[in-house]
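As structure tokens, the structure follows; a few thoughts come after it.
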Number of protein chains: 4
Amino acid sequence: MRKRDDEKQHSIKKSVIQLILQEGFQGTSISKIAKLAGVSPATVYIYYENKEVMLRDIYQEYAEDVFDSLLHHLVPDMSGEQLIDVLIRQYYQYILENEEIFHFVDQFSSCPSLHEGCHALQGPKSLNRILLEYKERGILNDFNNENILSILFYPVKNIAIKPRNAEASSDELLDEMISIIRKALLK
Amino acid sequence: MRKRDDEKQHSIKKSVIQLILQEGFQGTSISKIAKLAGVSPATVYIYYENKEVMLRDIYQEYAEDVFDSLLHHLVPDMSGEQLIDVLIRQYYQYILENEEIFHFVDQFSSCPSLHEGCHALQGPKSLNRILLEYKERGILNDFNNENILSILFYPVKNIAIKPRNAEASSDELLDEMISIIRKALLK
Amino acid sequence: MRKRDDEKQHSIKKSVIQLILQEGFQGTSISKIAKLAGVSPATVYIYYENKEVMLRDIYQEYAEDVFDSLLHHLVPDMSGEQLIDVLIRQYYQYILENEEIFHFVDQFSSCPSLHEGCHALQGPKSLNRILLEYKERGILNDFNNENILSILFYPVKNIAIKPRNAEASSDELLDEMISIIRKALLK
Amino acid sequence: MRKRDDEKQHSIKKSVIQLILQEGFQGTSISKIAKLAGVSPATVYIYYENKEVMLRDIYQEYAEDVFDSLLHHLVPDMSGEQLIDVLIRQYYQYILENEEIFHFVDQFSSCPSLHEGCHALQGPKSLNRILLEYKERGILNDFNNENILSILFYPVKNIAIKPRNAEASSDELLDEMISIIRKALLK
DNA sequence: GATGAATGAGAGTTCATTCAT
DNA sequence: TATGAATGAACTCTCATTCAT
């Protein structure tokens with residue numbers, strides 16, 4: 001009996017993510033994926049029940065990725081300033097360094113018809129605990145976590161995604177963003 | 001009086017936007033659109049050169065819509081607090097009241113392969129002028145407009161889109177969000 | 001607007017029936033059908049919702065055919081001998097002259113998974129009335145119609161279908177069959 | 001004691017026959033068969049060269065089955081009445097008790113493209129000898145064996161297969177059928 | 001302008017079969 | 001022997017688009 005070739009599955013995943021960025025969900029077919037991954041179309045169905053399940057599985061695998069990256073860079077006893085700096089800067093960094101994955105996850109989650117049926121992510125839960133702690137220690141203002149998370153990540157995502165059209169350099173924007181959000185969230 | 005033509009085209013547009021929300025870009029075909037709009041597939045091609053152009057045209061028509069709505073609610077000589085309140089509250093309101101249009105525009109613009117080739121929007125330019133004015137009058141902090149816009153609209157979009165899962169009511173979240181952003185942006 | 005081309009549909013039907021005889025249900029694909037009919041695969045779906053419906057529709061159209069042929073050859077006031085002679089001989093004749101249609105109908109109806117969901121045939125009802133009349137006139141023995149019909153048609157079908165392997169000529173077999181069945185059914 | 005091998009092959013055969021009844025030849029694939037039989041698709045190819053051979057082999061194994069059953073119930077020196085009674089009643093019984101096998105064999109043999117290339121059955125030969133004997137003893141009318149066999153088995157098959165829709169009970173029909181055929185075939 | 005018919009191309013998926021263990 | 005992995009070919013069906021009226 002042959003055993004499953006993990007490289008094959010990995011190659012399929014990579015191809016999916018790459019194609020979604022290049023061609024969008026519309027332009028991404030099983031046969032294109034298979035061709036790019038160097039396998040037969042039928043092989044895709046060994047690893048995934050069907051196209052929908054495949055996309056959802058891959059989404060759920062990588063949706064946690066950003067959070068892992070963020071949590072990995074947090075260290076105990078950071079100051080409030082440091083916490084915000086690390087979270088935002090790291091999020092920004094992640095987007096730049098993982099363009100394909102990020103856009104795949106982003107496109108997927110902005111499409112209600114794809115998104116429904118996905119189970120909730122784990123990553124935000126850990127973050128919620130950390131925010132709670134900083135609030136209890138009187139460092140963060142006592143806002144709802146949903147608002148805090150929205151303010152922490154969605155503006156920076158926007159400036160990371162958009163192609164810069166002069167006016168201000170990316171670094172300047174990011175630094176300023178951090179200082180604005182510090183002012184907003186810290187006591 | 002509306003001409004018959006316009007009714008047909010309007011019906012097509014409505015069908016496109018409705019289907020994109022229900023089924024996503026993938027599940028939206030010309031024949032489904034035509035069926036829902038009550039016209040022949042061939043009729044669609046009288047109004048639009050092809051599917052890609054159709055989507056882009058409709059996108060560009062509605063992409064300005066939010067901004068029109070926002071600008072329409074601004075009055076001269078508002079205080080900084082009022083400005084932020086109106087912009088955020090109105091944006092939130094727009095999303096709730098125009099769910100289909102909003103998601104169509106949002107999905108479209110989060111897909112690079114669709115988005116490229118679209119000419120820049122007019123709406124942000126007007127907003128930029130207004131923000132500039134408030135900065136010059138010493139009401140808004142002197143941040144880059146890109147950062148200001150990112151903070152004004154992206155967090156609230158996030159809380160408007162997500163289905164509420166208890167913890168805090170939508171109204172409470174929105175009120176809090178406004179106060180956070182006021183604190184961040186106003187002097 | 002183009003109108004439907006009846007020749008196209010007829011050509012599809014002919015191709016289906018021909019292919020089923022040559023290759024069986026297994027070897028009959030939409031693309032083979034389309035190729036033989038000289039149309040595009042997509043055209044088949046203009047006339048039939050899907051393959052299953054197509055086969056069922058064609059079956060139901062031709063399933064009545066034999067009965068029409070039989071009824072067409074009956075004339076009023078035939079004797080019992082004549083009635084049986086005409087029914088059996090004509091049935092035999094029909095099978096020989098409509099080999100493809102007959103085998104299509106026969107194969108279809110011997111496959112339970114295809115057959116279920118087909119509405120009952122009209123043809124037997126007319127025959128039932130006629131048999132009833134001959135029974136009331138004291139010409140036919142008073143057997144159940146189901147038995148009479150089974151004896152009238154199923155043995156002759158068997159000798160019509162099987163390739164003759166000498167022993168007796170087809171004509172002799174048929175003549176003998178008629179005399180046996182006359183003996184069995186007539187008073 | 002049965003060897004493990006035979007169990008696997010038997011399990012495959014059972015699955016084939018079951019699936020053919022439920023789903024027809026079209027809906028019966030090697031992988032479905034393997035799944036139902038609890039073996040790997042590759043295992044099927046240890047026992048059968050390919051799908052066509054598999055179906056033919058299984059057909060030829062079971063095609064004799066009915067005849068074995070019939071011959072097994074014949075005893076020497078039966079009267080003509082008894083002979084016909086046993087043959088018809090037993091045939092009827094066989095169909096009811098072996099629905100899956102019977103339909104598999106029936107569907108297979110009604111499909112010319114499958115049937116060709118099968119070697120002739122043994123069963124009919126034994127029956128032929130018996131019929132000959134009864135004819136020589138002056139009990140059966142001197143008809144061609146082909147006609148006798150057609151009349152003996154094809155009508156009863158028809159009433160055994162069809163779901164009863166009132167009018168007459170199955171038992172009544174069967175009894176009547178036997179008496180009709182006795183009248184037809186016996187001196 | 002408006003239509004339903006028509007289509008080649010391609011979609012997602014399953015097929016019968018073989019490979020490697 | 002027995003297996004699950006792997007596959008090219010073929011499947012049914014739908015697509016975006018054009019044709020003919």
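Identifiers for the structure tokens are assigned positionally: chains receive A, B, ... in sequence, residues are indexed from 1 per chain, and ligands are indexed from 1 in the order shown.
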Find the residues around Ala168 (chain D) up to 12 Å (only C-alpha atoms (C1' of nucleotides) counted), leave out those fewer than 2 positions away in its own chain, and share them as a PyMOL selection string.
(chain C and resi 143-147) or (chain D and resi 159+163-166+170-176)
Least-squares superpose chain B onto chain D - every C-alpha atom, paired in order - and show me the moved coordinates as a PDB file with C-alpha atoms, in the first residue's frame.
ATOM      1  CA  MET B   1     -13.364 -24.826   5.760  1.00  0.00           C
ATOM      2  CA  ARG B   2     -13.673 -21.773   3.590  1.00  0.00           C
ATOM      3  CA  LYS B   3     -10.517 -19.929   2.864  1.00  0.00           C
ATOM      4  CA  ARG B   4     -10.270 -16.210   3.472  1.00  0.00           C
ATOM      5  CA  ASP B   5      -9.934 -15.645  -0.296  1.00  0.00           C
ATOM      6  CA  ASP B   6     -13.271 -17.130  -1.071  1.00  0.00           C
ATOM      7  CA  GLU B   7     -14.952 -14.950   1.478  1.00  0.00           C
ATOM      8  CA  LYS B   8     -13.593 -11.853  -0.188  1.00  0.00           C
ATOM      9  CA  GLN B   9     -14.677 -12.957  -3.621  1.00  0.00           C
ATOM     10  CA  HIS B  10     -18.093 -13.916  -2.358  1.00  0.00           C
ATOM     11  CA  SER B  11     -18.451 -10.568  -0.708  1.00  0.00           C
ATOM     12  CA  ILE B  12     -17.589  -8.852  -3.977  1.00  0.00           C
ATOM     13  CA  LYS B  13     -20.139 -10.898  -5.883  1.00  0.00           C
ATOM     14  CA  LYS B  14     -22.850 -10.141  -3.354  1.00  0.00           C
ATOM     15  CA  SER B  15     -22.071  -6.438  -3.555  1.00  0.00           C
ATOM     16  CA  VAL B  16     -22.199  -6.402  -7.325  1.00  0.00           C
ATOM     17  CA  ILE B  17     -25.582  -8.081  -7.432  1.00  0.00           C
ATOM     18  CA  GLN B  18     -26.998  -5.877  -4.718  1.00  0.00           C
ATOM     19  CA  LEU B  19     -25.773  -2.679  -6.336  1.00  0.00           C
ATOM     20  CA  ILE B  20     -26.995  -3.618  -9.798  1.00  0.00           C
ATOM     21  CA  LEU B  21     -30.515  -3.983  -8.449  1.00  0.00           C
ATOM     22  CA  GLN B  22     -30.385  -0.798  -6.418  1.00  0.00           C
ATOM     23  CA  GLU B  23     -28.578   1.453  -8.835  1.00  0.00           C
ATOM     24  CA  GLY B  24     -28.551  -0.285 -12.187  1.00  0.00           C
ATOM     25  CA  PHE B  25     -25.499  -1.059 -14.271  1.00  0.00           C
ATOM     26  CA  GLN B  26     -24.874   2.629 -14.762  1.00  0.00           C
ATOM     27  CA  GLY B  27     -24.635   3.416 -11.082  1.00  0.00           C
ATOM     28  CA  THR B  28     -22.411   0.496 -10.198  1.00  0.00           C
ATOM     29  CA  SER B  29     -18.741   1.350 -10.093  1.00  0.00           C
ATOM     30  CA  ILE B  30     -15.749  -0.605  -8.926  1.00  0.00           C
ATOM     31  CA  SER B  31     -15.169   1.712  -6.019  1.00  0.00           C
ATOM     32  CA  LYS B  32     -18.764   1.475  -4.846  1.00  0.00           C
ATOM     33  CA  ILE B  33     -18.560  -2.293  -5.115  1.00  0.00           C
ATOM     34  CA  ALA B  34     -15.312  -2.330  -3.193  1.00  0.00           C
ATOM     35  CA  LYS B  35     -16.674  -0.057  -0.495  1.00  0.00           C
ATOM     36  CA  LEU B  36     -19.781  -2.179  -0.040  1.00  0.00           C
ATOM     37  CA  ALA B  37     -17.731  -5.367  -0.033  1.00  0.00           C
ATOM     38  CA  GLY B  38     -15.305  -3.941   2.476  1.00  0.00           C
ATOM     39  CA  VAL B  39     -12.231  -4.367   0.300  1.00  0.00           C
ATOM     40  CA  SER B  40      -9.917  -2.129  -1.680  1.00  0.00           C
ATOM     41  CA  PRO B  41     -10.663  -1.368  -5.311  1.00  0.00           C
ATOM     42  CA  ALA B  42      -7.352  -2.963  -6.161  1.00  0.00           C
ATOM     43  CA  THR B  43      -8.477  -6.198  -4.543  1.00  0.00           C
ATOM     44  CA  VAL B  44     -11.253  -6.580  -7.069  1.00  0.00           C
ATOM     45  CA  TYR B  45      -8.607  -6.870  -9.754  1.00  0.00           C
ATOM     46  CA  ILE B  46      -7.008  -9.791  -7.998  1.00  0.00           C
ATOM     47  CA  TYR B  47     -10.138 -11.825  -8.600  1.00  0.00           C
ATOM     48  CA  TYR B  48     -11.262 -10.419 -11.936  1.00  0.00           C
ATOM     49  CA  GLU B  49      -9.263  -9.238 -14.910  1.00  0.00           C
ATOM     50  CA  ASN B  50     -11.453  -6.171 -15.389  1.00  0.00           C
ATOM     51  CA  LYS B  51     -14.968  -4.930 -14.861  1.00  0.00           C
ATOM     52  CA  GLU B  52     -16.428  -6.478 -17.995  1.00  0.00           C
ATOM     53  CA  VAL B  53     -15.001  -9.870 -17.213  1.00  0.00           C
ATOM     54  CA  MET B  54     -16.206  -9.574 -13.645  1.00  0.00           C
ATOM     55  CA  LEU B  55     -19.775  -8.925 -14.692  1.00  0.00           C
ATOM     56  CA  ARG B  56     -19.713 -11.701 -17.250  1.00  0.00           C
ATOM     57  CA  ASP B  57     -18.225 -14.189 -14.821  1.00  0.00           C
ATOM     58  CA  ILE B  58     -20.772 -13.412 -12.173  1.00  0.00           C
ATOM     59  CA  TYR B  59     -23.535 -13.548 -14.738  1.00  0.00           C
ATOM     60  CA  GLN B  60     -22.453 -16.942 -15.951  1.00  0.00           C
ATOM     61  CA  GLU B  61     -22.224 -18.271 -12.458  1.00  0.00           C
ATOM     62  CA  TYR B  62     -25.739 -17.206 -11.533  1.00  0.00           C
ATOM     63  CA  ALA B  63     -27.388 -17.629 -14.907  1.00  0.00           C
ATOM     64  CA  GLU B  64     -27.499 -21.366 -14.314  1.00  0.00           C
ATOM     65  CA  ASP B  65     -28.917 -20.894 -10.872  1.00  0.00           C
ATOM     66  CA  VAL B  66     -32.597 -20.858 -11.824  1.00  0.00           C
ATOM     67  CA  PHE B  67     -32.231 -24.012 -13.837  1.00  0.00           C
ATOM     68  CA  ASP B  68     -30.439 -25.783 -11.032  1.00  0.00           C
ATOM     69  CA  SER B  69     -33.253 -24.823  -8.764  1.00  0.00           C
ATOM     70  CA  LEU B  70     -35.861 -26.103 -11.224  1.00  0.00           C
ATOM     71  CA  LEU B  71     -34.117 -29.344 -11.997  1.00  0.00           C
ATOM     72  CA  HIS B  72     -33.580 -29.974  -8.338  1.00  0.00           C
ATOM     73  CA  HIS B  73     -37.322 -30.046  -7.783  1.00  0.00           C
ATOM     74  CA  LEU B  74     -38.147 -32.475 -10.550  1.00  0.00           C
ATOM     75  CA  VAL B  75     -38.612 -36.114  -9.625  1.00  0.00           C
ATOM     76  CA  PRO B  76     -38.904 -39.046 -11.977  1.00  0.00           C
ATOM     77  CA  ASP B  77     -42.272 -40.213 -13.206  1.00  0.00           C
ATOM     78  CA  MET B  78     -44.153 -36.999 -12.545  1.00  0.00           C
ATOM     79  CA  SER B  79     -47.348 -36.592 -14.464  1.00  0.00           C
ATOM     80  CA  GLY B  80     -47.569 -33.851 -17.103  1.00  0.00           C
ATOM     81  CA  GLU B  81     -49.715 -31.797 -14.737  1.00  0.00           C
ATOM     82  CA  GLN B  82     -47.159 -32.163 -11.997  1.00  0.00           C
ATOM     83  CA  LEU B  83     -44.283 -31.288 -14.289  1.00  0.00           C
ATOM     84  CA  ILE B  84     -45.844 -28.031 -15.397  1.00  0.00           C
ATOM     85  CA  ASP B  85     -46.954 -27.186 -11.894  1.00  0.00           C
ATOM     86  CA  VAL B  86     -43.500 -27.690 -10.442  1.00  0.00           C
ATOM     87  CA  LEU B  87     -41.669 -25.865 -13.209  1.00  0.00           C
ATOM     88  CA  ILE B  88     -43.863 -22.780 -13.140  1.00  0.00           C
ATOM     89  CA  ARG B  89     -44.402 -22.611  -9.399  1.00  0.00           C
ATOM     90  CA  GLN B  90     -40.736 -23.122  -8.717  1.00  0.00           C
ATOM     91  CA  TYR B  91     -39.687 -20.538 -11.250  1.00  0.00           C
ATOM     92  CA  TYR B  92     -42.076 -18.068  -9.632  1.00  0.00           C
ATOM     93  CA  GLN B  93     -40.740 -18.954  -6.219  1.00  0.00           C
ATOM     94  CA  TYR B  94     -37.169 -18.533  -7.338  1.00  0.00           C
ATOM     95  CA  ILE B  95     -37.804 -15.032  -8.606  1.00  0.00           C
ATOM     96  CA  LEU B  96     -39.396 -13.971  -5.340  1.00  0.00           C
ATOM     97  CA  GLU B  97     -36.718 -15.544  -3.184  1.00  0.00           C
ATOM     98  CA  ASN B  98     -33.768 -14.392  -5.266  1.00  0.00           C
ATOM     99  CA  GLU B  99     -34.854 -10.962  -6.321  1.00  0.00           C
ATOM    100  CA  GLU B 100     -31.367  -9.493  -6.599  1.00  0.00           C
ATOM    101  CA  ILE B 101     -29.828 -12.387  -8.456  1.00  0.00           C
ATOM    102  CA  PHE B 102     -32.772 -12.687 -10.779  1.00  0.00           C
ATOM    103  CA  HIS B 103     -32.751  -9.033 -11.735  1.00  0.00           C
ATOM    104  CA  PHE B 104     -29.027  -9.032 -12.218  1.00  0.00           C
ATOM    105  CA  VAL B 105     -29.231 -11.972 -14.607  1.00  0.00           C
ATOM    106  CA  ASP B 106     -32.288 -10.566 -16.318  1.00  0.00           C
ATOM    107  CA  GLN B 107     -30.860  -7.121 -16.878  1.00  0.00           C
ATOM    108  CA  PHE B 108     -27.612  -8.566 -18.051  1.00  0.00           C
ATOM    109  CA  SER B 109     -29.196 -10.839 -20.598  1.00  0.00           C
ATOM    110  CA  SER B 110     -31.526  -8.175 -21.933  1.00  0.00           C
ATOM    111  CA  CYS B 111     -28.550  -6.032 -22.883  1.00  0.00           C
ATOM    112  CA  PRO B 112     -27.105  -7.245 -26.181  1.00  0.00           C
ATOM    113  CA  SER B 113     -23.834  -5.394 -25.761  1.00  0.00           C
ATOM    114  CA  LEU B 114     -23.159  -7.170 -22.471  1.00  0.00           C
ATOM    115  CA  HIS B 115     -24.528 -10.501 -23.464  1.00  0.00           C
ATOM    116  CA  GLU B 116     -22.508 -11.160 -26.580  1.00  0.00           C
ATOM    117  CA  GLY B 117     -19.548 -13.398 -26.003  1.00  0.00           C
ATOM    118  CA  CYS B 118     -21.186 -15.387 -23.227  1.00  0.00           C
ATOM    119  CA  HIS B 119     -21.086 -19.093 -23.800  1.00  0.00           C
ATOM    120  CA  ALA B 120     -24.402 -20.899 -23.953  1.00  0.00           C
ATOM    121  CA  LEU B 121     -26.066 -22.028 -20.775  1.00  0.00           C
ATOM    122  CA  GLN B 122     -26.157 -25.675 -19.674  1.00  0.00           C
ATOM    123  CA  GLY B 123     -29.493 -25.514 -17.861  1.00  0.00           C
ATOM    124  CA  PRO B 124     -31.763 -25.368 -20.912  1.00  0.00           C
ATOM    125  CA  LYS B 125     -30.110 -28.452 -22.348  1.00  0.00           C
ATOM    126  CA  SER B 126     -31.202 -30.619 -19.445  1.00  0.00           C
ATOM    127  CA  LEU B 127     -34.667 -29.153 -19.656  1.00  0.00           C
ATOM    128  CA  ASN B 128     -34.740 -29.834 -23.347  1.00  0.00           C
ATOM    129  CA  ARG B 129     -34.001 -33.481 -22.701  1.00  0.00           C
ATOM    130  CA  ILE B 130     -36.783 -33.718 -20.194  1.00  0.00           C
ATOM    131  CA  LEU B 131     -39.311 -32.028 -22.480  1.00  0.00           C
ATOM    132  CA  LEU B 132     -38.286 -34.352 -25.285  1.00  0.00           C
ATOM    133  CA  GLU B 133     -38.898 -37.337 -23.071  1.00  0.00           C
ATOM    134  CA  TYR B 134     -42.383 -36.132 -22.107  1.00  0.00           C
ATOM    135  CA  LYS B 135     -43.168 -35.519 -25.751  1.00  0.00           C
ATOM    136  CA  GLU B 136     -42.016 -39.022 -26.688  1.00  0.00           C
ATOM    137  CA  ARG B 137     -44.121 -40.497 -23.926  1.00  0.00           C
ATOM    138  CA  GLY B 138     -47.111 -38.741 -25.490  1.00  0.00           C
ATOM    139  CA  ILE B 139     -47.768 -36.518 -22.513  1.00  0.00           C
ATOM    140  CA  LEU B 140     -46.670 -33.153 -23.887  1.00  0.00           C
ATOM    141  CA  ASN B 141     -47.901 -31.949 -27.221  1.00  0.00           C
ATOM    142  CA  ASP B 142     -45.278 -32.209 -29.907  1.00  0.00           C
ATOM    143  CA  PHE B 143     -44.340 -28.540 -30.108  1.00  0.00           C
ATOM    144  CA  ASN B 144     -40.898 -27.091 -30.689  1.00  0.00           C
ATOM    145  CA  ASN B 145     -38.972 -26.881 -27.451  1.00  0.00           C
ATOM    146  CA  GLU B 146     -38.307 -23.219 -27.974  1.00  0.00           C
ATOM    147  CA  ASN B 147     -42.000 -22.505 -27.977  1.00  0.00           C
ATOM    148  CA  ILE B 148     -42.638 -24.711 -24.991  1.00  0.00           C
ATOM    149  CA  LEU B 149     -39.921 -23.053 -22.947  1.00  0.00           C
ATOM    150  CA  SER B 150     -41.089 -19.599 -23.987  1.00  0.00           C
ATOM    151  CA  ILE B 151     -44.593 -20.340 -22.845  1.00  0.00           C
ATOM    152  CA  LEU B 152     -43.549 -22.057 -19.666  1.00  0.00           C
ATOM    153  CA  PHE B 153     -41.352 -19.326 -18.288  1.00  0.00           C
ATOM    154  CA  TYR B 154     -41.861 -15.898 -19.839  1.00  0.00           C
ATOM    155  CA  PRO B 155     -45.467 -15.267 -18.860  1.00  0.00           C
ATOM    156  CA  VAL B 156     -44.864 -16.295 -15.272  1.00  0.00           C
ATOM    157  CA  LYS B 157     -41.766 -14.162 -15.100  1.00  0.00           C
ATOM    158  CA  ASN B 158     -43.908 -11.225 -16.073  1.00  0.00           C
ATOM    159  CA  ILE B 159     -46.434 -11.712 -13.327  1.00  0.00           C
ATOM    160  CA  ALA B 160     -43.707 -12.423 -10.776  1.00  0.00           C
ATOM    161  CA  ILE B 161     -41.843  -9.215 -11.530  1.00  0.00           C
ATOM    162  CA  LYS B 162     -44.681  -6.762 -11.724  1.00  0.00           C
ATOM    163  CA  PRO B 163     -45.894  -5.284  -8.501  1.00  0.00           C
ATOM    164  CA  ARG B 164     -49.451  -6.467  -7.971  1.00  0.00           C
ATOM    165  CA  ASN B 165     -52.060  -3.790  -8.334  1.00  0.00           C
ATOM    166  CA  ALA B 166     -55.091  -5.487  -6.886  1.00  0.00           C
ATOM    167  CA  GLU B 167     -57.572  -6.992  -9.372  1.00  0.00           C
ATOM    168  CA  ALA B 168     -56.366 -10.482  -8.506  1.00  0.00           C
ATOM    169  CA  SER B 169     -54.062 -11.860  -5.867  1.00  0.00           C
ATOM    170  CA  SER B 170     -50.718 -13.262  -6.870  1.00  0.00           C
ATOM    171  CA  ASP B 171     -51.712 -16.762  -5.845  1.00  0.00           C
ATOM    172  CA  GLU B 172     -54.867 -16.691  -7.917  1.00  0.00           C
ATOM    173  CA  LEU B 173     -52.943 -15.439 -10.936  1.00  0.00           C
ATOM    174  CA  LEU B 174     -50.338 -18.114 -10.548  1.00  0.00           C
ATOM    175  CA  ASP B 175     -52.867 -20.912 -10.178  1.00  0.00           C
ATOM    176  CA  GLU B 176     -54.735 -19.700 -13.208  1.00  0.00           C
ATOM    177  CA  MET B 177     -51.539 -19.356 -15.199  1.00  0.00           C
ATOM    178  CA  ILE B 178     -50.650 -22.947 -14.457  1.00  0.00           C
ATOM    179  CA  SER B 179     -54.028 -24.194 -15.576  1.00  0.00           C
ATOM    180  CA  ILE B 180     -53.846 -22.162 -18.795  1.00  0.00           C
ATOM    181  CA  ILE B 181     -50.455 -23.525 -19.662  1.00  0.00           C
ATOM    182  CA  ARG B 182     -51.439 -27.058 -18.827  1.00  0.00           C
ATOM    183  CA  LYS B 183     -54.318 -26.701 -21.225  1.00  0.00           C
ATOM    184  CA  ALA B 184     -52.000 -25.332 -23.886  1.00  0.00           C
ATOM    185  CA  LEU B 185     -49.208 -27.855 -23.627  1.00  0.00           C
ATOM    186  CA  LEU B 186     -50.667 -31.132 -22.464  1.00  0.00           C
ATOM    187  CA  LYS B 187     -52.553 -33.567 -24.597  1.00  0.00           C
TER     188      LYS B 187
END
From a DSSP pass on the backbone, collect the residues of chain D flagged as helix (DSSP H, G or I) and hand them back as an MDAnalysis selection string.
chainID D and resid 4:23 30:37 41:47 51:63 65:72 80:97 99:109 112:115 123:136 145:161 170:185
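The gap separating C1' of DC19 (chain F) from C1' of DG12 (chain E) is 28.6 Å, in Å to one decimal.
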C1' of DG4 (chain E) to C1' of DT14 (chain F), straight-line distance in Å:
16.9 Å
Return as a PyMOL selection string the residues belonging to chain E that are within 9 Å of chain D, counting only C-alpha atoms (C1' of nucleotides).
chain E and resi 15-18
Using only C-alpha atoms (C1' of nucleotides), tabulate the residues of chain F lying at most 8 Å from any atom of chain C, each with its closest atom pair and that distance in Å to one decimal, by chain and increasing residue number, as a tab-separated table.
residue	atom	partner	partner_atom	distance
F:DC11	C1'	C:Ser29	CA	7.6
F:DT12	C1'	C:Ile30	CA	7.5
F:DA20	C1'	C:Arg2	CA	5.3
F:DT21	C1'	C:Met1	CA	4.4
